[in-house]
file start-v3.pdb (PDB, C-alpha atoms)
ATOM      1  CA  MET P   1       0.000   0.000   0.000
ATOM      2  CA  GLN P   2       2.850   2.368   0.843
ATOM      3  CA  GLN P   3       4.507   1.678  -2.500
ATOM      4  CA  LEU P   4       1.292   2.479  -4.379
ATOM      5  CA  GLU P   5       0.877   5.649  -2.312
ATOM      6  CA  SER P   6       4.435   6.688  -3.188
ATOM      7  CA  MET P   7       3.805   6.098  -6.899
ATOM      8  CA  ILE P   8       0.739   8.363  -6.715
ATOM      9  CA  LEU P   9       2.552  11.058  -4.735
ATOM     10  CA  GLU P  10       5.635  11.151  -6.951
ATOM     11  CA  GLY P  11       3.492  11.331 -10.085
ATOM     12  CA  THR P  12       4.407   7.914 -11.507
ATOM     13  CA  LEU P  13       0.695   7.103 -11.332
ATOM     14  CA  LYS P  14      -1.365  10.066 -12.544
ATOM     15  CA  PRO P  15      -5.055  10.901 -11.935
ATOM     16  CA  GLY P  16      -7.222   8.743 -14.190
ATOM     17  CA  GLN P  17      -4.371   6.382 -15.079
ATOM     18  CA  LYS P  18      -5.021   2.639 -15.105
ATOM     19  CA  LEU P  19      -2.907   0.506 -12.787
ATOM     20  CA  PRO P  20      -0.708  -2.180 -14.366
ATOM     21  CA  PRO P  21      -2.040  -5.772 -14.210
ATOM     22  CA  GLU P  22      -2.102  -7.443 -10.772
ATOM     23  CA  ARG P  23       0.494 -10.021 -11.771
ATOM     24  CA  GLU P  24       2.914  -7.307 -12.911
ATOM     25  CA  LEU P  25       2.451  -5.184  -9.764
ATOM     26  CA  ALA P  26       2.725  -8.177  -7.426
ATOM     27  CA  ALA P  27       6.024  -9.152  -9.062
ATOM     28  CA  GLN P  28       7.282  -5.557  -8.953
ATOM     29  CA  PHE P  29       6.471  -5.182  -5.236
ATOM     30  CA  GLU P  30       7.503  -8.775  -4.421
ATOM     31  CA  VAL P  31       4.206  -9.522  -2.663
ATOM     32  CA  SER P  32       1.430 -12.054  -3.136
ATOM     33  CA  ARG P  33      -1.575 -11.140  -5.276
ATOM     34  CA  PRO P  34      -3.966 -11.418  -2.273
ATOM     35  CA  SER P  35      -1.771  -8.895  -0.400
ATOM     36  CA  LEU P  36      -1.837  -6.587  -3.417
ATOM     37  CA  ARG P  37      -5.626  -6.870  -3.656
ATOM     38  CA  GLU P  38      -5.943  -5.966   0.030
ATOM     39  CA  ALA P  39      -3.795  -2.862  -0.489
ATOM     40  CA  ILE P  40      -5.877  -1.840  -3.515
ATOM     41  CA  GLN P  41      -9.099  -2.324  -1.527
ATOM     42  CA  LYS P  42      -7.809  -0.070   1.275
ATOM     43  CA  LEU P  43      -6.745   2.657  -1.145
ATOM     44  CA  THR P  44     -10.102   2.371  -2.915
ATOM     45  CA  ALA P  45     -11.909   2.804   0.417
ATOM     46  CA  ARG P  46      -9.885   5.992   0.972
ATOM     47  CA  GLY P  47     -10.877   7.351  -2.440
ATOM     48  CA  LEU P  48      -7.409   7.172  -3.979
ATOM     49  CA  LEU P  49      -8.308   4.372  -6.418
ATOM     50  CA  PHE P  50     -11.504   3.204  -8.100
ATOM     51  CA  SER P  51     -12.498   0.164 -10.144
ATOM     52  CA  ARG P  52     -14.462  -0.187 -13.358
ATOM     53  CA  HIS P  53     -16.315  -3.452 -13.798
ATOM     54  CA  GLY P  54     -14.259  -5.525 -16.191
ATOM     55  CA  GLY P  55     -12.017  -2.542 -16.890
ATOM     56  CA  GLY P  56      -9.395  -2.632 -14.167
ATOM     57  CA  THR P  57      -8.355  -0.284 -11.367
ATOM     58  CA  PHE P  58      -7.617   3.416 -11.857
ATOM     59  CA  VAL P  59      -6.160   6.318  -9.904
ATOM     60  CA  SER P  60      -8.926   8.679  -8.786
ATOM     61  CA  GLU P  61      -9.495  11.548 -11.199
ATOM     62  CA  GLU P  62     -10.393  13.773  -8.226
ATOM     63  CA  LEU P  63      -6.794  13.953  -7.012
ATOM     64  CA  GLY P  64      -5.414  17.485  -7.288
ATOM     65  CA  SER P  65      -8.799  18.846  -8.362
ATOM     66  CA  SER P  66      -8.779  21.853  -6.057
ATOM     67  CA  PHE P  67      -8.489  24.093  -9.138
ATOM     68  CA  THR P  68     -11.384  22.493 -11.024
ATOM     69  CA  ASP P  69     -14.209  24.092  -9.065
ATOM     70  CA  PRO P  70     -16.305  27.016 -10.448
ATOM     71  CA  LEU P  71     -13.558  29.464  -9.420
ATOM     72  CA  HIS P  72     -11.356  27.838 -12.075
ATOM     73  CA  GLU P  73     -13.812  28.818 -14.817
ATOM     74  CA  LEU P  74     -14.102  32.354 -13.432
ATOM     75  CA  LEU P  75     -10.332  32.826 -13.454
ATOM     76  CA  SER P  76     -10.058  31.425 -16.967
ATOM     77  CA  SER P  77     -12.833  33.591 -18.390
ATOM     78  CA  HIS P  78     -11.714  36.974 -17.030
ATOM     79  CA  ASP P  79      -8.714  38.396 -18.852
ATOM     80  CA  GLU P  80      -7.969  40.919 -16.095
ATOM     81  CA  PHE P  81      -6.784  38.050 -13.881
ATOM     82  CA  LEU P  82      -4.386  36.722 -16.520
ATOM     83  CA  TYR P  83      -1.556  38.741 -14.992
ATOM     84  CA  ASP P  84      -2.257  37.243 -11.555
ATOM     85  CA  GLN P  85      -1.851  33.792 -13.143
ATOM     86  CA  LEU P  86       1.424  34.860 -14.755
ATOM     87  CA  GLU P  87       2.762  36.153 -11.419
ATOM     88  CA  PHE P  88       1.818  32.875  -9.745
ATOM     89  CA  ARG P  89       3.446  30.902 -12.546
ATOM     90  CA  ASP P  90       6.574  33.051 -12.218
ATOM     91  CA  ALA P  91       6.917  32.114  -8.541
ATOM     92  CA  LEU P  92       6.181  28.398  -8.944
ATOM     93  CA  GLU P  93       7.996  27.777 -12.213
ATOM     94  CA  GLY P  94      11.101  29.637 -11.122
ATOM     95  CA  ILE P  95      11.405  27.217  -8.185
ATOM     96  CA  SER P  96      10.501  24.330 -10.465
ATOM     97  CA  ALA P  97      13.255  25.151 -12.967
ATOM     98  CA  TYR P  98      15.776  25.692 -10.165
ATOM     99  CA  TYR P  99      15.238  22.269  -8.634
ATOM    100  CA  ALA P 100      14.938  20.551 -12.009
ATOM    101  CA  ALA P 101      18.446  21.761 -12.847
ATOM    102  CA  LEU P 102      19.645  20.619  -9.442
ATOM    103  CA  ARG P 103      17.906  17.220  -9.186
ATOM    104  CA  SER P 104      16.915  15.946 -12.633
ATOM    105  CA  THR P 105      18.000  12.389 -13.416
ATOM    106  CA  ASP P 106      19.018  11.006 -16.796
ATOM    107  CA  ALA P 107      15.456   9.683 -17.203
ATOM    108  CA  ASP P 108      14.032  13.134 -16.403
ATOM    109  CA  LYS P 109      16.332  14.742 -18.960
ATOM    110  CA  GLN P 110      15.259  12.234 -21.571
ATOM    111  CA  VAL P 111      11.577  13.118 -21.013
ATOM    112  CA  LEU P 112      12.377  16.834 -21.020
ATOM    113  CA  THR P 113      14.314  16.463 -24.276
ATOM    114  CA  THR P 114      11.368  14.640 -25.874
ATOM    115  CA  ARG P 115       8.950  17.384 -24.796
ATOM    116  CA  PHE P 116      11.295  20.149 -25.978
ATOM    117  CA  ASN P 117      11.765  18.477 -29.367
ATOM    118  CA  LYS P 118       7.975  18.251 -29.754
ATOM    119  CA  LEU P 119       7.747  21.968 -28.990
ATOM    120  CA  MET P 120      10.278  22.640 -31.737
ATOM    121  CA  GLU P 121       8.273  20.477 -34.170
ATOM    122  CA  VAL P 122       4.939  22.253 -33.648
ATOM    123  CA  TYR P 123       6.511  25.718 -33.717
ATOM    124  CA  GLU P 124       6.293  25.905 -37.521
ATOM    125  CA  LYS P 125       2.613  24.914 -37.629
ATOM    126  CA  ASN P 126       1.250  28.191 -36.178
ATOM    127  CA  ASP P 127      -1.459  26.299 -34.283
ATOM    128  CA  PRO P 128      -1.963  28.046 -30.897
ATOM    129  CA  VAL P 129      -4.070  25.229 -29.416
ATOM    130  CA  LEU P 130      -1.592  22.475 -30.307
ATOM    131  CA  GLU P 131       1.396  24.594 -29.336
ATOM    132  CA  ALA P 132      -0.268  25.453 -26.013
ATOM    133  CA  LYS P 133      -0.715  21.765 -25.222
ATOM    134  CA  ILE P 134       2.919  20.926 -26.000
ATOM    135  CA  ASP P 135       4.105  24.099 -24.221
ATOM    136  CA  ALA P 136       2.229  23.118 -21.048
ATOM    137  CA  GLU P 137       3.584  19.554 -21.254
ATOM    138  CA  PHE P 138       7.119  20.975 -21.479
ATOM    139  CA  HIS P 139       6.550  23.039 -18.319
ATOM    140  CA  MET P 140       5.057  20.010 -16.542
ATOM    141  CA  ALA P 141       8.130  17.928 -17.454
ATOM    142  CA  ILE P 142      10.228  20.553 -15.667
ATOM    143  CA  ALA P 143       7.953  20.278 -12.611
ATOM    144  CA  GLU P 144       8.310  16.477 -12.615
ATOM    145  CA  ALA P 145      12.100  16.796 -12.845
ATOM    146  CA  ALA P 146      12.140  19.068  -9.769
ATOM    147  CA  HIS P 147      11.321  16.071  -7.531
ATOM    148  CA  ASN P 148       9.133  18.046  -5.118
ATOM    149  CA  VAL P 149       5.767  16.319  -4.813
ATOM    150  CA  VAL P 150       3.975  19.357  -3.324
ATOM    151  CA  LEU P 151       5.182  21.567  -6.164
ATOM    152  CA  LEU P 152       4.334  18.881  -8.734
ATOM    153  CA  HIS P 153       0.756  18.356  -7.558
ATOM    154  CA  THR P 154       0.136  22.099  -7.192
ATOM    155  CA  LEU P 155       1.196  22.656 -10.806
ATOM    156  CA  ARG P 156      -0.644  19.545 -11.987
ATOM    157  CA  GLY P 157      -3.808  20.830 -10.298
ATOM    158  CA  LEU P 158      -3.301  24.067 -12.211
ATOM    159  CA  PHE P 159      -2.579  22.277 -15.494
ATOM    160  CA  ALA P 160      -5.966  22.933 -17.126
ATOM    161  CA  MET P 161      -5.909  26.590 -16.127
ATOM    162  CA  LEU P 162      -2.241  26.842 -17.126
ATOM    163  CA  GLU P 163      -3.015  25.415 -20.565
ATOM    164  CA  LYS P 164      -5.885  27.867 -21.085
ATOM    165  CA  SER P 165      -3.709  30.800 -20.096
ATOM    166  CA  ILE P 166      -0.992  29.673 -22.512
ATOM    167  CA  VAL P 167      -3.578  29.423 -25.323
ATOM    168  CA  SER P 168      -4.728  32.953 -24.503
ATOM    169  CA  ASN P 169      -1.138  34.204 -24.408
ATOM    170  CA  LEU P 170      -0.161  32.578 -27.702
ATOM    171  CA  LYS P 171      -3.246  33.783 -29.551
ATOM    172  CA  ASN P 172      -2.384  37.321 -28.529
ATOM    173  CA  LEU P 173       1.348  37.027 -29.113
ATOM    174  CA  PHE P 174       0.805  35.412 -32.525
ATOM    175  CA  GLU P 175      -0.316  38.857 -33.662
ATOM    176  CA  LYS P 176       3.257  40.003 -33.100
ATOM    177  CA  ASN P 177       5.376  37.777 -35.346
ATOM    178  CA  GLU P 178       8.573  38.970 -33.726
ATOM    179  CA  SER P 179       7.510  37.564 -30.344
ATOM    180  CA  ARG P 180       7.396  33.877 -31.227
ATOM    181  CA  PRO P 181      11.134  33.403 -31.999
ATOM    182  CA  VAL P 182      11.873  35.104 -28.666
ATOM    183  CA  LEU P 183       9.526  32.721 -26.831
ATOM    184  CA  LEU P 184      11.150  29.719 -28.479
ATOM    185  CA  ALA P 185      14.626  30.990 -27.598
ATOM    186  CA  GLN P 186      13.528  31.451 -23.981
ATOM    187  CA  HIS P 187      12.233  27.876 -23.797
ATOM    188  CA  LYS P 188      15.544  26.679 -25.222
ATOM    189  CA  ALA P 189      17.461  28.731 -22.641
ATOM    190  CA  MET P 190      15.452  27.091 -19.829
ATOM    191  CA  TYR P 191      16.019  23.663 -21.350
ATOM    192  CA  ASP P 192      19.759  24.250 -21.787
ATOM    193  CA  ALA P 193      20.197  25.531 -18.214
ATOM    194  CA  ILE P 194      18.457  22.460 -16.781
ATOM    195  CA  MET P 195      20.441  20.087 -18.978
ATOM    196  CA  GLU P 196      23.653  21.857 -17.901
ATOM    197  CA  GLY P 197      22.693  21.523 -14.229
ATOM    198  CA  ASN P 198      22.765  25.289 -13.648
ATOM    199  CA  PRO P 199      19.930  26.016 -11.147
ATOM    200  CA  ASP P 200      20.405  29.782 -10.856
ATOM    201  CA  LYS P 201      20.421  30.226 -14.625
ATOM    202  CA  ALA P 202      17.379  27.955 -14.998
ATOM    203  CA  ARG P 203      15.396  30.024 -12.492
ATOM    204  CA  ALA P 204      16.532  33.271 -14.127
ATOM    205  CA  MET P 205      15.505  32.011 -17.582
ATOM    206  CA  ALA P 206      12.058  30.960 -16.301
ATOM    207  CA  HIS P 207      11.619  34.415 -14.767
ATOM    208  CA  GLU P 208      12.800  36.156 -17.944
ATOM    209  CA  HIS P 209      10.344  34.108 -20.005
ATOM    210  CA  LEU P 210       7.277  34.960 -17.907
ATOM    211  CA  VAL P 211       8.249  38.617 -17.499
ATOM    212  CA  PHE P 212       8.546  38.885 -21.293
ATOM    213  CA  VAL P 213       5.068  37.357 -21.727
ATOM    214  CA  GLU P 214       3.570  39.699 -19.145
ATOM    215  CA  ASP P 215       5.284  42.805 -20.570
ATOM    216  CA  SER P 216       4.265  41.882 -24.135
ATOM    217  CA  LEU P 217       0.620  41.379 -23.175
ATOM    218  CA  LEU P 218       0.550  44.600 -21.187
ATOM    219  CA  GLU P 219       1.943  46.530 -24.167
ATOM    220  CA  MET P 220      -0.631  44.930 -26.478
ATOM    221  CA  SER P 221      -3.375  45.860 -24.015
ATOM    222  CA  ARG P 222      -2.153  49.467 -23.963
ATOM    223  CA  GLN P 223      -2.084  49.497 -27.768
ATOM    224  CA  GLU P 224      -5.681  48.225 -27.905
ATOM    225  CA  THR P 225      -6.705  50.953 -25.472
ATOM    226  CA  ARG P 226      -5.040  53.609 -27.645
ATOM    227  CA  VAL P 227      -6.805  52.270 -30.761
ATOM    228  CA  GLU P 228     -10.189  52.261 -29.009
ATOM    229  CA  ARG P 229      -9.593  55.809 -27.760
ATOM    230  CA  SER P 230      -8.689  56.993 -31.265
ATOM    231  CA  LEU P 231     -11.829  55.385 -32.711
ATOM    232  CA  ARG P 232     -14.009  57.086 -30.121
ATOM    233  CA  ARG P 233     -12.423  60.439 -30.961
ATOM    234  CA  ALA P 234     -12.915  59.852 -34.671
ATOM    235  CA  GLN P 235     -16.557  58.926 -34.128
ATOM    236  CA  SER P 236     -17.016  62.024 -31.995
ATOM    237  CA  VAL P 237     -15.591  64.275 -34.718
ATOM    238  CA  THR P 238     -17.739  62.600 -37.378
ATOM    239  CA  GLY P 239     -20.831  62.961 -35.216
ATOM    240  CA  SER P 240     -20.211  66.647 -34.641
TER     241      SER P 240
END

call {"tool": "encode", "arguments": {"input": "start-v3.pdb", "output": "structure tokens"}}
result
Amino acid sequence: MQQLESMILEGTLKPGQKLPPERELAAQFEVSRPSLREAIQKLTARGLLFSRHGGGTFVSEELGSSFTDPLHELLSSHDEFLYDQLEFRDALEGISAYYAALRSTDADKQVLTTRFNKLMEVYEKNDPVLEAKIDAEFHMAIAEAAHNVVLLHTLRGLFAMLEKSIVSNLKNLFEKNESRPVLLAQHKAMYDAIMEGNPDKARAMAHEHLVFVEDSLLEMSRQETRVERSLRRAQSVTGS
């Protein structure tokens, strides 16, 4: 039971994921299948696992769902709170990048490399939804490599909101063609710093990335305000 709990906490088993077959788990844990079944029953009673008739046992999808209540939808649908999300991301992802550079294993680096390469592949497609998904997966790979379960589950709980904010950011920044190469270069700088094992640089690059996004969106917002103001003045002159 403790080994299953650890796999859930460390993120090896994710919400909604199906457990491996009983025979495989029993061999992995070096326990009898009746002992494994007893552990699964106890974790099911605690709401950590659930079973589907004829479909196996799964990790509860409710884990880390503190950000999936109605407040989540409110935050996602009000653009004025986008900057609050970016500030929160800046704090969490700076720590995440720092510890990823400090603690990432060879296996972590392999996953991070795969996610970064995918980000490079979709860059040319100019698809904000697809790029947002891969972008968020890249950031989550950094969180996994940080080896801090509290940080990991906090960011995982925010994943849906994080992905929506990235979609919103990219749609806006796509209007400025010069921004996208900068964003890609910033992701590469984060990736390189983690692969080099340079925690201070990794944190600095994560901060630089999110500050650039925030500054770019603020400038675009100011530009929109200036355009709207000019239109109102023009309409006023025409009306007079």

call {"tool": "axis_aligned_box", "arguments": {"input": "start-v3.pdb", "around": "stretch 204-223 of chain P", "padding_each_side": "4 Å", "output": "AutoDock Vina command-line options"}}
result
--center_x 6.6 --center_y 40.2 --center_z -20.9 --size_x 27.9 --size_y 26.5 --size_z 21.6

call {"tool": "closest_residue", "arguments": {"input": "start-v3.pdb", "among": "P:Ser96, P:Gln28, P:Thr12, P:Gln186", "to": "P:Val59", "atoms": "all atoms listed in the file"}}
result
P:Thr12

call {"tool": "resolve_selection", "arguments": {"input": "start-v3.pdb", "expression": "the PyMOL selection byres ((chain P and resi 63) around 10)", "output": "list in words"}}
result
Ile8, Lys14, Pro15, Gly16, Gly47, Leu48, Leu49, Val59, Ser60, Glu61, Glu62, Gly64, Ser65, Ser66, His153, Arg156 and Gly157 of chain P

call {"tool": "resolve_selection", "arguments": {"input": "start-v3.pdb", "expression": "the PyMOL selection byres ((chain P and resi 138) around 9)", "output": "JSON, numbers by chain"}}
result
{"P": [112, 113, 114, 115, 116, 118, 119, 133, 134, 135, 136, 137, 139, 140, 141, 142, 143, 187]}

call {"tool": "residues_around", "arguments": {"input": "start-v3.pdb", "residues": "P:Gly11", "least_positions_apart": "4", "cutoff": "9 Å", "atoms": "all atoms listed in the file", "output": "ChimeraX atom specification"}}
result
/P:6-7,15,144,149,152-153

call {"tool": "atom_distance", "arguments": {"input": "start-v3.pdb", "atom1": "atom CA of P:Ala206", "atom2": "atom CA of P:Leu13"}}
result
26.9 Å

call {"tool": "residues_around", "arguments": {"input": "start-v3.pdb", "residues": "stretch 199-203 of chain P", "least_positions_apart": "5", "cutoff": "7 Å", "atoms": "all atoms listed in the file", "output": "list in words"}}
result
Gly94, Ile95, Ala97, Tyr98, Tyr99, Ala101, Leu102, Met190, Ala193 and Ile194 of chain P

call {"tool": "atom_distance", "arguments": {"input": "start-v3.pdb", "atom1": "atom CA of P:Pro128", "atom2": "atom CA of P:Ala146"}}
result
26.9 Å

call {"tool": "resolve_selection", "arguments": {"input": "start-v3.pdb", "expression": "the PyMOL selection byres ((chain P and resi 182) around 12)", "output": "mmCIF file with C-alpha atoms, in the frame of the given file"}}
result
data_model
loop_
_atom_site.group_PDB
_atom_site.id
_atom_site.type_symbol
_atom_site.label_atom_id
_atom_site.label_comp_id
_atom_site.auth_asym_id
_atom_site.auth_seq_id
_atom_site.Cartn_x
_atom_site.Cartn_y
_atom_site.Cartn_z
ATOM 1 C CA TYR P 123 6.511 25.718 -33.717
ATOM 2 C CA LEU P 173 1.348 37.027 -29.113
ATOM 3 C CA PHE P 174 0.805 35.412 -32.525
ATOM 4 C CA LYS P 176 3.257 40.003 -33.100
ATOM 5 C CA ASN P 177 5.376 37.777 -35.346
ATOM 6 C CA GLU P 178 8.573 38.970 -33.726
ATOM 7 C CA SER P 179 7.510 37.564 -30.344
ATOM 8 C CA ARG P 180 7.396 33.877 -31.227
ATOM 9 C CA PRO P 181 11.134 33.403 -31.999
ATOM 10 C CA LEU P 183 9.526 32.721 -26.831
ATOM 11 C CA LEU P 184 11.150 29.719 -28.479
ATOM 12 C CA ALA P 185 14.626 30.990 -27.598
ATOM 13 C CA GLN P 186 13.528 31.451 -23.981
ATOM 14 C CA HIS P 187 12.233 27.876 -23.797
ATOM 15 C CA LYS P 188 15.544 26.679 -25.222
ATOM 16 C CA ALA P 189 17.461 28.731 -22.641
ATOM 17 C CA GLU P 208 12.800 36.156 -17.944
ATOM 18 C CA HIS P 209 10.344 34.108 -20.005
ATOM 19 C CA LEU P 210 7.277 34.960 -17.907
ATOM 20 C CA PHE P 212 8.546 38.885 -21.293
ATOM 21 C CA VAL P 213 5.068 37.357 -21.727
ATOM 22 C CA SER P 216 4.265 41.882 -24.135
#

call {"tool": "atom_distance", "arguments": {"input": "start-v3.pdb", "atom1": "atom CA of P:Arg89", "atom2": "atom CA of P:Ala132"}}
result
15.0 Å

call {"tool": "closest_residue", "arguments": {"input": "start-v3.pdb", "among": "P:Ala204, P:Glu93, P:Gln17, P:Ser32", "to": "P:Gly55", "atoms": "all atoms listed in the file"}}
result
P:Gln17

call {"tool": "closest_residue", "arguments": {"input": "start-v3.pdb", "among": "P:Gln41, P:Thr154, P:Gln3, P:Thr57", "to": "P:Ala26", "atoms": "only C-alpha atoms"}}
result
P:Gln3
